[in-house]
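Shown here: final_19.txt, compact mmCIF, C-alpha atoms.
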```
# COMPACT_ATOMS: atom_id res chain seq x y z
CA MET A 87 67.86 -101.60 52.60
CA ARG A 88 66.54 -98.57 54.41
CA MET A 89 66.29 -100.50 57.66
CA LEU A 90 69.99 -101.34 57.39
CA ALA A 91 71.10 -97.95 56.19
CA LEU A 92 69.32 -95.81 58.75
CA PRO A 93 71.25 -96.76 61.92
CA PHE A 94 74.43 -96.25 59.96
CA LEU A 95 73.32 -92.81 58.82
CA PHE A 96 72.34 -91.83 62.32
CA ALA A 97 75.73 -92.99 63.62
CA LEU A 98 77.40 -91.00 60.87
CA ALA A 99 75.30 -87.97 61.67
CA ALA A 100 76.21 -88.29 65.35
CA ILE A 101 79.95 -88.36 64.54
CA CYS A 102 80.10 -85.74 61.81
CA THR A 103 77.66 -83.13 63.01
CA PRO A 104 76.63 -81.48 66.24
CA VAL A 105 74.25 -83.54 68.32
CA TYR A 106 70.70 -83.09 67.05
CA SER A 107 67.88 -82.88 69.46
CA ALA A 108 65.65 -85.53 67.98
CA ASN A 109 65.35 -88.52 65.67
CA VAL A 110 63.28 -88.42 62.55
CA ASP A 111 60.36 -90.82 62.40
CA TYR A 112 60.51 -91.75 58.72
CA ALA A 113 57.34 -93.82 58.84
CA LYS A 114 55.39 -90.64 59.59
CA SER A 115 57.47 -88.27 57.47
CA GLU A 116 57.06 -87.61 53.79
CA ILE A 117 58.23 -85.47 50.91
CA THR A 118 55.61 -85.18 48.22
CA PHE A 119 55.09 -82.98 45.20
CA VAL A 120 52.42 -82.02 42.71
CA SER A 121 53.47 -81.40 39.13
CA LYS A 122 51.12 -80.23 36.42
CA GLN A 123 51.03 -82.10 33.14
CA MET A 124 48.78 -80.47 30.55
CA ASN A 125 47.27 -78.63 33.53
CA VAL A 126 46.45 -81.94 35.22
CA PRO A 127 47.79 -82.06 38.80
CA VAL A 128 49.78 -85.26 39.34
CA GLN A 129 50.83 -86.42 42.82
CA GLY A 130 54.31 -87.79 43.40
CA ARG A 131 56.64 -88.51 46.29
CA PHE A 132 60.16 -89.50 47.26
CA LYS A 133 60.34 -92.80 49.08
CA LYS A 134 63.86 -92.33 50.46
CA PHE A 135 65.33 -89.29 52.13
CA THR A 136 67.22 -88.37 55.27
CA ALA A 137 66.60 -85.35 57.44
CA GLN A 138 68.48 -83.79 60.32
CA ILE A 139 66.68 -81.11 62.20
CA ASP A 140 67.89 -79.03 65.10
CA PHE A 141 65.14 -76.72 66.13
CA ASP A 142 64.42 -74.89 69.34
CA PRO A 143 61.87 -72.06 69.07
CA LYS A 144 63.76 -70.18 71.81
CA LYS A 145 67.08 -70.42 70.00
CA LEU A 146 66.09 -69.78 66.40
CA ALA A 147 69.54 -68.49 65.53
CA ASN A 148 70.85 -72.01 66.09
CA ALA A 149 68.13 -73.74 64.07
CA LYS A 150 69.45 -76.05 61.38
CA ALA A 151 67.96 -78.36 58.84
CA LEU A 152 69.67 -80.68 56.41
CA LEU A 153 67.68 -82.79 53.99
CA GLU A 154 68.99 -85.24 51.47
CA VAL A 155 66.61 -86.80 49.01
CA ASP A 156 67.41 -89.94 47.03
CA LEU A 157 66.15 -88.82 43.61
CA ALA A 158 66.05 -92.37 42.23
CA SER A 159 63.42 -93.19 44.86
CA VAL A 160 60.91 -90.96 43.09
CA ASP A 161 57.39 -92.20 42.64
CA THR A 162 55.85 -89.91 40.02
CA GLY A 163 52.53 -91.66 39.99
CA SER A 164 53.04 -93.55 36.73
CA ALA A 165 55.52 -96.27 35.73
CA ASP A 166 56.20 -94.53 32.40
CA ALA A 167 57.24 -91.33 34.12
CA ASP A 168 59.24 -93.15 36.85
CA ALA A 169 61.43 -94.65 34.12
CA GLU A 170 61.69 -91.33 32.28
CA VAL A 171 62.49 -89.02 35.17
CA GLY A 172 65.82 -90.67 36.10
CA LYS A 173 67.19 -89.95 32.62
CA LYS A 174 69.71 -87.29 31.68
CA ALA A 175 67.14 -84.69 30.67
CA TRP A 176 65.42 -84.94 34.06
CA PHE A 177 67.19 -85.79 37.33
CA ASN A 178 70.14 -87.55 35.66
CA THR A 179 70.33 -89.74 38.77
CA SER A 180 73.46 -91.63 37.70
CA ALA A 181 75.46 -88.37 37.81
CA PHE A 182 73.41 -86.54 40.49
CA PRO A 183 71.79 -89.08 42.80
CA THR A 184 70.68 -86.71 45.56
CA ALA A 185 68.97 -83.42 46.09
CA LYS A 186 70.19 -81.51 49.11
CA PHE A 187 68.76 -78.71 51.20
CA VAL A 188 70.97 -76.93 53.72
CA SER A 189 69.35 -74.23 55.80
CA SER A 190 71.07 -70.93 56.40
CA SER A 191 68.51 -69.32 58.69
CA VAL A 192 65.06 -69.77 60.16
CA THR A 193 62.76 -66.84 60.88
CA GLN A 194 59.47 -66.72 62.75
CA THR A 195 56.49 -65.42 60.79
CA GLY A 196 53.66 -66.05 63.27
CA PRO A 197 52.62 -68.24 66.18
CA ASP A 198 54.10 -71.69 65.38
CA LYS A 199 54.84 -70.39 61.89
CA TYR A 200 58.35 -70.15 60.53
CA GLU A 201 60.26 -69.84 57.33
CA ALA A 202 63.41 -71.76 56.51
CA HIS A 203 65.90 -70.15 54.16
CA GLY A 204 68.67 -72.07 52.56
CA LYS A 205 70.24 -73.56 49.51
CA LEU A 206 68.60 -76.31 47.51
CA SER A 207 70.99 -78.20 45.26
CA ILE A 208 69.82 -80.45 42.43
CA LYS A 209 71.85 -81.53 39.40
CA GLY A 210 74.81 -79.51 40.62
CA ILE A 211 72.78 -76.28 40.64
CA GLY A 212 72.27 -74.45 43.92
CA VAL A 213 69.33 -72.08 44.31
CA ASP A 214 68.28 -70.10 47.39
CA VAL A 215 64.81 -71.08 48.47
CA ALA A 216 62.48 -70.09 51.27
CA ALA A 217 60.06 -72.65 52.69
CA PRO A 218 57.34 -71.60 55.12
CA PHE A 219 56.45 -74.28 57.65
CA VAL A 220 54.28 -74.88 60.68
CA VAL A 221 55.51 -76.55 63.86
CA LYS A 222 53.19 -78.74 65.92
CA ARG A 223 54.21 -80.39 69.15
CA ALA A 224 52.45 -83.42 70.66
CA GLY A 225 54.26 -84.99 73.62
CA ASP A 226 57.85 -85.58 72.62
CA ALA A 227 56.95 -85.60 68.91
CA VAL A 228 57.32 -82.49 66.79
CA THR A 229 55.90 -82.18 63.28
CA TYR A 230 57.33 -79.75 60.75
CA GLU A 231 54.95 -79.27 57.88
CA GLY A 232 55.39 -76.95 54.94
CA GLY A 233 56.24 -76.55 51.33
CA PHE A 234 57.46 -74.29 48.62
CA ILE A 235 57.23 -73.83 44.87
CA LEU A 236 60.14 -75.35 43.02
CA LYS A 237 60.79 -73.99 39.54
CA ARG A 238 62.07 -77.05 37.76
CA LEU A 239 63.80 -75.21 34.93
CA GLN A 240 66.08 -73.39 37.43
CA PHE A 241 67.56 -76.82 38.14
CA LYS A 242 67.40 -78.03 34.52
CA ILE A 243 64.89 -80.69 35.55
CA GLY A 244 63.40 -81.52 32.17
CA GLU A 245 65.80 -80.28 29.50
CA GLY A 246 65.51 -80.15 25.72
CA VAL A 247 62.02 -80.96 24.46
CA TRP A 248 60.85 -81.24 28.07
CA SER A 249 61.61 -77.58 28.78
CA ASP A 250 58.25 -76.87 27.14
CA THR A 251 56.20 -75.64 30.10
CA GLU A 252 52.89 -76.01 28.27
CA THR A 253 53.22 -79.77 28.67
CA VAL A 254 54.89 -79.94 32.09
CA ALA A 255 54.54 -76.75 34.12
CA ASP A 256 57.67 -75.05 35.44
CA GLU A 257 56.22 -74.74 38.92
CA VAL A 258 56.17 -77.84 41.07
CA GLN A 259 54.53 -77.66 44.47
CA VAL A 260 56.80 -79.46 46.94
CA LYS A 261 55.40 -80.39 50.34
CA PHE A 262 57.12 -81.91 53.32
CA ARG A 263 56.11 -83.32 56.66
CA ILE A 264 58.96 -84.25 58.96
CA VAL A 265 58.10 -85.84 62.30
CA THR A 266 60.77 -86.03 64.96
CA THR A 267 60.52 -87.98 68.22
CA GLY A 268 62.39 -87.83 71.50
CA ASN A 269 62.25 -84.03 71.66
CA LYS A 270 63.11 -82.58 75.06
CA MET B 6 3.97 -89.78 0.88
CA ASN B 7 5.90 -86.53 1.00
CA PRO B 8 9.54 -87.52 0.37
CA SER B 9 10.97 -84.80 2.60
CA ALA B 10 9.13 -86.34 5.57
CA ALA B 11 11.09 -89.55 4.99
CA ARG B 12 14.44 -87.84 5.54
CA TYR B 13 16.30 -87.38 8.78
CA THR B 14 16.33 -83.75 9.90
CA SER B 15 19.40 -81.77 8.88
CA VAL B 16 20.39 -81.51 12.57
CA ALA B 17 20.26 -85.31 12.92
CA ILE B 18 22.27 -85.75 9.69
CA SER B 19 24.89 -83.19 10.80
CA LEU B 20 25.26 -84.77 14.24
CA HIS B 21 25.50 -88.27 12.77
CA TRP B 22 28.37 -87.40 10.41
CA LEU B 23 30.10 -85.03 12.80
CA ILE B 24 30.17 -87.61 15.59
CA ALA B 25 31.17 -90.39 13.17
CA THR B 26 34.12 -88.32 11.88
CA VAL B 27 35.29 -87.31 15.36
CA ILE B 28 35.03 -90.91 16.61
CA LEU B 29 37.08 -92.19 13.67
CA CYS B 30 39.76 -89.53 14.25
CA THR B 31 40.08 -90.18 17.98
CA PHE B 32 40.04 -93.95 17.42
CA LEU B 33 43.04 -93.59 15.07
CA LEU B 34 44.65 -91.12 17.49
CA GLY B 35 44.23 -93.68 20.30
CA GLN B 36 45.89 -96.36 18.17
CA TYR B 37 48.78 -94.03 17.32
CA MET B 38 49.48 -92.39 20.68
CA THR B 39 49.72 -95.57 22.76
CA GLY B 40 52.71 -96.78 20.72
CA LEU B 41 54.72 -93.56 21.21
CA GLU B 42 57.78 -93.20 23.45
CA VAL B 43 57.24 -90.91 26.43
CA SER B 44 57.56 -87.36 25.10
CA PRO B 45 55.81 -83.99 25.41
CA ALA B 46 53.98 -84.88 22.18
CA LYS B 47 52.64 -88.06 23.78
CA LEU B 48 51.38 -86.19 26.85
CA LYS B 49 49.68 -83.66 24.58
CA LEU B 50 48.05 -86.32 22.38
CA TYR B 51 46.75 -88.21 25.44
CA SER B 52 45.15 -85.01 26.68
CA TYR B 53 43.64 -84.24 23.28
CA HIS B 54 42.29 -87.80 23.09
CA LYS B 55 40.59 -87.36 26.49
CA TRP B 56 39.18 -83.95 25.55
CA ILE B 57 37.81 -85.36 22.30
CA GLY B 58 36.24 -88.25 24.26
CA VAL B 59 34.45 -85.81 26.56
CA THR B 60 33.31 -83.84 23.50
CA ILE B 61 31.90 -86.98 21.87
CA PHE B 62 30.02 -87.82 25.07
CA LEU B 63 28.46 -84.33 25.12
CA LEU B 64 27.61 -84.43 21.39
CA VAL B 65 25.93 -87.83 21.81
CA LEU B 66 23.79 -86.45 24.66
CA ILE B 67 22.68 -83.61 22.37
CA ARG B 68 22.02 -86.14 19.59
CA LEU B 69 19.93 -88.37 21.84
CA GLY B 70 17.94 -85.37 23.05
CA TRP B 71 17.28 -84.36 19.44
CA ARG B 72 16.27 -87.89 18.52
CA LEU B 73 13.78 -88.11 21.40
CA LEU B 74 12.12 -84.95 20.11
CA HIS B 75 12.34 -85.86 16.39
CA ARG B 76 11.34 -89.39 15.50
CA PRO B 77 13.49 -90.91 12.76
CA PRO B 78 11.81 -91.71 9.42
CA PRO B 79 10.11 -95.13 9.33
CA PRO B 80 11.86 -98.10 7.68
CA PRO B 81 10.97 -98.93 4.04
CA ALA B 82 7.69 -100.85 3.82
CA ALA B 83 9.40 -103.68 1.95
CA MET B 84 11.95 -104.27 4.73
CA PRO B 85 11.49 -107.57 6.60
CA ALA B 86 10.67 -107.29 10.31
CA TRP B 87 13.84 -109.14 11.38
CA GLN B 88 15.98 -106.59 9.56
CA HIS B 89 14.13 -103.79 11.29
CA SER B 90 14.75 -105.45 14.70
CA ALA B 91 18.41 -106.07 13.84
CA ALA B 92 18.82 -102.43 12.82
CA ASN B 93 17.19 -101.27 16.06
CA ILE B 94 19.52 -103.46 18.14
CA VAL B 95 22.65 -102.27 16.31
CA HIS B 96 21.56 -98.61 16.55
CA PHE B 97 20.89 -99.03 20.27
CA LEU B 98 24.31 -100.65 20.82
CA LEU B 99 26.06 -97.91 18.82
CA TYR B 100 24.40 -95.21 20.92
CA ALA B 101 25.31 -97.13 24.10
CA LEU B 102 28.94 -97.51 23.00
CA THR B 103 29.32 -93.84 22.04
CA LEU B 104 28.48 -93.09 25.68
CA THR B 105 30.19 -95.98 27.49
CA ILE B 106 33.52 -95.75 25.62
CA PRO B 107 34.20 -92.16 26.78
CA VAL B 108 33.05 -93.11 30.30
CA SER B 109 35.38 -96.14 30.37
CA GLY B 110 38.23 -93.89 29.24
CA TRP B 111 37.46 -91.34 31.95
CA LEU B 112 37.33 -94.05 34.64
CA MET B 113 40.56 -95.55 33.31
CA SER B 114 42.25 -92.16 33.54
CA SER B 115 40.97 -91.68 37.11
CA ALA B 116 42.17 -95.14 38.19
CA SER B 117 45.56 -94.38 36.61
CA GLY B 118 45.87 -91.30 38.83
CA PHE B 119 45.38 -88.76 36.06
CA GLN B 120 42.38 -86.54 36.46
CA VAL B 121 40.72 -85.47 33.22
CA VAL B 122 40.84 -81.68 32.90
CA TYR B 123 38.62 -80.86 29.93
CA LEU B 124 40.39 -78.52 27.50
CA GLY B 125 42.97 -78.00 30.26
CA GLN B 126 40.42 -75.79 32.04
CA PHE B 127 37.58 -77.78 33.54
CA PRO B 128 38.51 -80.56 35.99
CA ILE B 129 36.15 -83.53 35.83
CA PRO B 130 35.92 -85.20 39.24
CA ASP B 131 37.59 -88.57 39.70
CA LEU B 132 34.92 -91.18 40.33
CA LEU B 133 37.52 -93.84 41.13
CA PRO B 134 40.54 -93.58 43.40
CA LYS B 135 43.97 -94.43 41.99
CA ASP B 136 44.21 -98.21 41.65
CA LYS B 137 46.74 -99.86 39.34
CA ASN B 138 44.82 -103.14 38.90
CA MET B 139 41.57 -101.32 38.29
CA ALA B 140 43.30 -99.09 35.74
CA GLU B 141 44.59 -102.18 33.91
CA GLN B 142 41.12 -103.77 33.85
CA LEU B 143 39.54 -100.56 32.58
CA LYS B 144 42.20 -100.29 29.86
CA HIS B 145 41.20 -103.73 28.60
CA LEU B 146 37.52 -102.76 28.81
CA HIS B 147 38.13 -99.48 26.92
CA GLU B 148 39.94 -101.42 24.17
CA ALA B 149 37.40 -104.25 24.00
CA LEU B 150 34.51 -101.78 23.70
CA ASN B 151 36.35 -100.05 20.87
CA TRP B 152 36.80 -103.28 18.90
CA LEU B 153 33.13 -104.08 19.46
CA MET B 154 32.27 -100.59 18.21
CA LEU B 155 34.46 -101.07 15.14
CA ALA B 156 32.72 -104.37 14.33
CA LEU B 157 29.27 -102.79 14.75
CA VAL B 158 30.21 -99.74 12.65
CA ALA B 159 31.35 -102.13 9.89
CA LEU B 160 28.04 -103.99 10.12
CA HIS B 161 26.11 -100.68 10.17
CA ALA B 162 27.98 -99.41 7.08
CA ALA B 163 27.57 -102.74 5.28
CA ALA B 164 23.83 -102.67 5.94
CA ALA B 165 23.57 -99.09 4.65
CA LEU B 166 25.43 -100.04 1.46
CA LYS B 167 23.26 -103.13 1.04
CA HIS B 168 20.16 -100.92 1.20
CA HIS B 169 21.68 -98.50 -1.29
CA MET B 170 23.12 -100.97 -3.81
CA LEU B 171 21.01 -104.12 -3.55
CA ASP B 172 17.63 -102.97 -2.21
CA ARG B 173 18.01 -99.63 -4.02
CA ASP B 174 15.93 -97.88 -1.37
CA ASP B 175 16.36 -94.51 0.39
CA VAL B 176 17.77 -95.79 3.70
CA LEU B 177 21.31 -94.47 3.02
CA ARG B 178 20.22 -91.41 1.01
CA ARG B 179 17.99 -90.09 3.80
CA MET B 180 21.09 -89.88 6.04
CA LEU B 181 23.32 -88.30 3.37
CA PRO B 182 23.60 -84.50 3.55
CA PHE B 183 23.71 -83.75 -0.21
CA LEU B 184 21.98 -86.49 -2.16
CA LYS B 185 18.31 -86.18 -3.03
CA GLN B 186 15.86 -89.00 -2.36
CA ARG B 187 15.42 -91.53 -5.13
CA SER B 188 11.68 -91.04 -4.75
CA ALA B 189 12.14 -87.29 -5.30
CA LEU B 190 14.22 -87.91 -8.43
CA LYS B 191 11.55 -89.95 -10.14
```
Would it be possible to restate this file's structure as structure tokens?
Amino acid sequence: MRMLALPFLFALAAICTPVYSANVDYAKSEITFVSKQMNVPVQGRFKKFTAQIDFDPKKLANAKALLEVDLASVDTGSADADAEVGKKAWFNTSAFPTAKFVSSSVTQTGPDKYEAHGKLSIKGIGVDVAAPFVVKRAGDAVTYEGGFILKRLQFKIGEGVWSDTETVADEVQVKFRIVTTGNK
Amino acid sequence: MNPSAARYTSVAISLHWLIATVILCTFLLGQYMTGLEVSPAKLKLYSYHKWIGVTIFLLVLIRLGWRLLHRPPPPPAAMPAWQHSAANIVHFLLYALTLTIPVSGWLMSSASGFQVVYLGQFPIPDLLPKDKNMAEQLKHLHEALNWLMLALVALHAAAALKHHMLDRDDVLRRMLPFLKQRSALK
């Protein structure tokens, strides 16, 4: 499915948005997270997402990033939790299938170090987030690697009985690595 | 013979009954929690079950250390040699199971991708990497060892009652915290 969908998405991106400088290499890119259950760190990841990145260190004012994550593609690390997390109290994927991040600005914080600011929308709730990231260039490939702390209750991820943070911590460490190729 | 010398030490008696009670509770907890729907309560109970398992493992180490330093009272003189051997084998297996069952649970948790964090504070390293098939195998092992333990505990208890009711000797009484020895009552 992804193989079929990707060229279509790229074509769509090319028509609807300004021309981006590079293509994302999804085989080398990942969005992962660590949640804490009863203080036990549990690794998870999203198997399907799309990213559009326009980034030139010399023209930071024009930097843009758009990420869309297919929430149903979540791999929480256990089959029990995979089945649970799509439900209404969690992601409610039938009503809100995607999480979206749209950058508003990117600032430089050090050599090869930046911070992306923007709006993260999950379950119809938009929250301003800041995600520090590091940029590494190797040939025509550029890697953007970073993360931020997502507070799940801000997005009503885990409502009702699941809002108990003693069982599942409010803070979820989200990490991303986006690799783009064909950079000029 | 001095009857008090034929008793287990009070530390050995305390550890025996403490560990037996905790094992029974966590066995029942294990039976109960696995049937629950996914809920915060289930996550909590799984953690408690793992913490109790680690606690049992530590208590058994203390118990074994105590036993090495304090020899248990000898078997009754009238007891046939085969019964003595059978008792030794069952006792050895019970000690082995009280150590291997927590270990199998810990390995199963590791293979399932859930590190054991004792009391929510002390992370116990994962010996195995996450591996779904391995986790499934270890789950079966953890269960099988528990049923074996249950069978041996039943045998152990039946033997103790047989000594008490049929042989009318002190084998059970010397492990009971409150009852006096028959020999001391006479």
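Residues in contact with A:Ala149 at 9 Å, where all atoms listed in the file are counted and same-chain residues fewer than 2 positions away are skipped, are listed as Ile139, Asp140, Phe141, Asp142, Pro143, Lys145, Leu146, Ala147, Ala151, Ser189, Ser190, Ser191 and Val192 of chain A.
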Next, write the just-selected residues to a file, as a PDB file, keeping the file's coordinate frame, keeping C-alpha atoms as the atom set.
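Saved to again-v8.pdb:
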```pdb
ATOM      1  CA  ILE A 139      66.680 -81.110  62.200  1.00  0.00           C
ATOM      2  CA  ASP A 140      67.890 -79.030  65.100  1.00  0.00           C
ATOM      3  CA  PHE A 141      65.140 -76.720  66.130  1.00  0.00           C
ATOM      4  CA  ASP A 142      64.420 -74.890  69.340  1.00  0.00           C
ATOM      5  CA  PRO A 143      61.870 -72.060  69.070  1.00  0.00           C
ATOM      6  CA  LYS A 145      67.080 -70.420  70.000  1.00  0.00           C
ATOM      7  CA  LEU A 146      66.090 -69.780  66.400  1.00  0.00           C
ATOM      8  CA  ALA A 147      69.540 -68.490  65.530  1.00  0.00           C
ATOM      9  CA  ALA A 151      67.960 -78.360  58.840  1.00  0.00           C
ATOM     10  CA  SER A 189      69.350 -74.230  55.800  1.00  0.00           C
ATOM     11  CA  SER A 190      71.070 -70.930  56.400  1.00  0.00           C
ATOM     12  CA  SER A 191      68.510 -69.320  58.690  1.00  0.00           C
ATOM     13  CA  VAL A 192      65.060 -69.770  60.160  1.00  0.00           C
TER      14      VAL A 192
END
```
Length of the atom CA of A:Ser207 to atom CA of A:Gly246 vector [Å]: 20.4 Å
Test item: chain A residues at most 12 Å from chain B, counting all atoms listed in the file, as JSON, numbers by chain: {"A": [120, 121, 122, 123, 124, 125, 126, 127, 128, 129, 130, 162, 163, 164, 165, 166, 167, 168, 169, 170, 171, 173, 175, 244, 245, 246, 247, 248, 249, 250, 251, 252, 253, 254, 255]}
All residues 8 Å or closer to B:Val27, all atoms listed in the file, same chain fewer than 4 positions away omitted, as a PyMOL selection string: chain B and resi 23+31+57+61
Spatial neighbours of A:Asp226, 12 Å, only C-alpha atoms, chain gap at least 6 places, as a ChimeraX atom specification: /A:107-111,265-270
File dump, residues just selected, C-alpha atoms, as a PDB file, keeping the file's coordinate frame:
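Final output, out.pdb:
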```pdb
ATOM      1  CA  SER A 107      67.880 -82.880  69.460  1.00  0.00           C
ATOM      2  CA  ALA A 108      65.650 -85.530  67.980  1.00  0.00           C
ATOM      3  CA  ASN A 109      65.350 -88.520  65.670  1.00  0.00           C
ATOM      4  CA  VAL A 110      63.280 -88.420  62.550  1.00  0.00           C
ATOM      5  CA  ASP A 111      60.360 -90.820  62.400  1.00  0.00           C
ATOM      6  CA  VAL A 265      58.100 -85.840  62.300  1.00  0.00           C
ATOM      7  CA  THR A 266      60.770 -86.030  64.960  1.00  0.00           C
ATOM      8  CA  THR A 267      60.520 -87.980  68.220  1.00  0.00           C
ATOM      9  CA  GLY A 268      62.390 -87.830  71.500  1.00  0.00           C
ATOM     10  CA  ASN A 269      62.250 -84.030  71.660  1.00  0.00           C
ATOM     11  CA  LYS A 270      63.110 -82.580  75.060  1.00  0.00           C
TER      12      LYS A 270
END
```
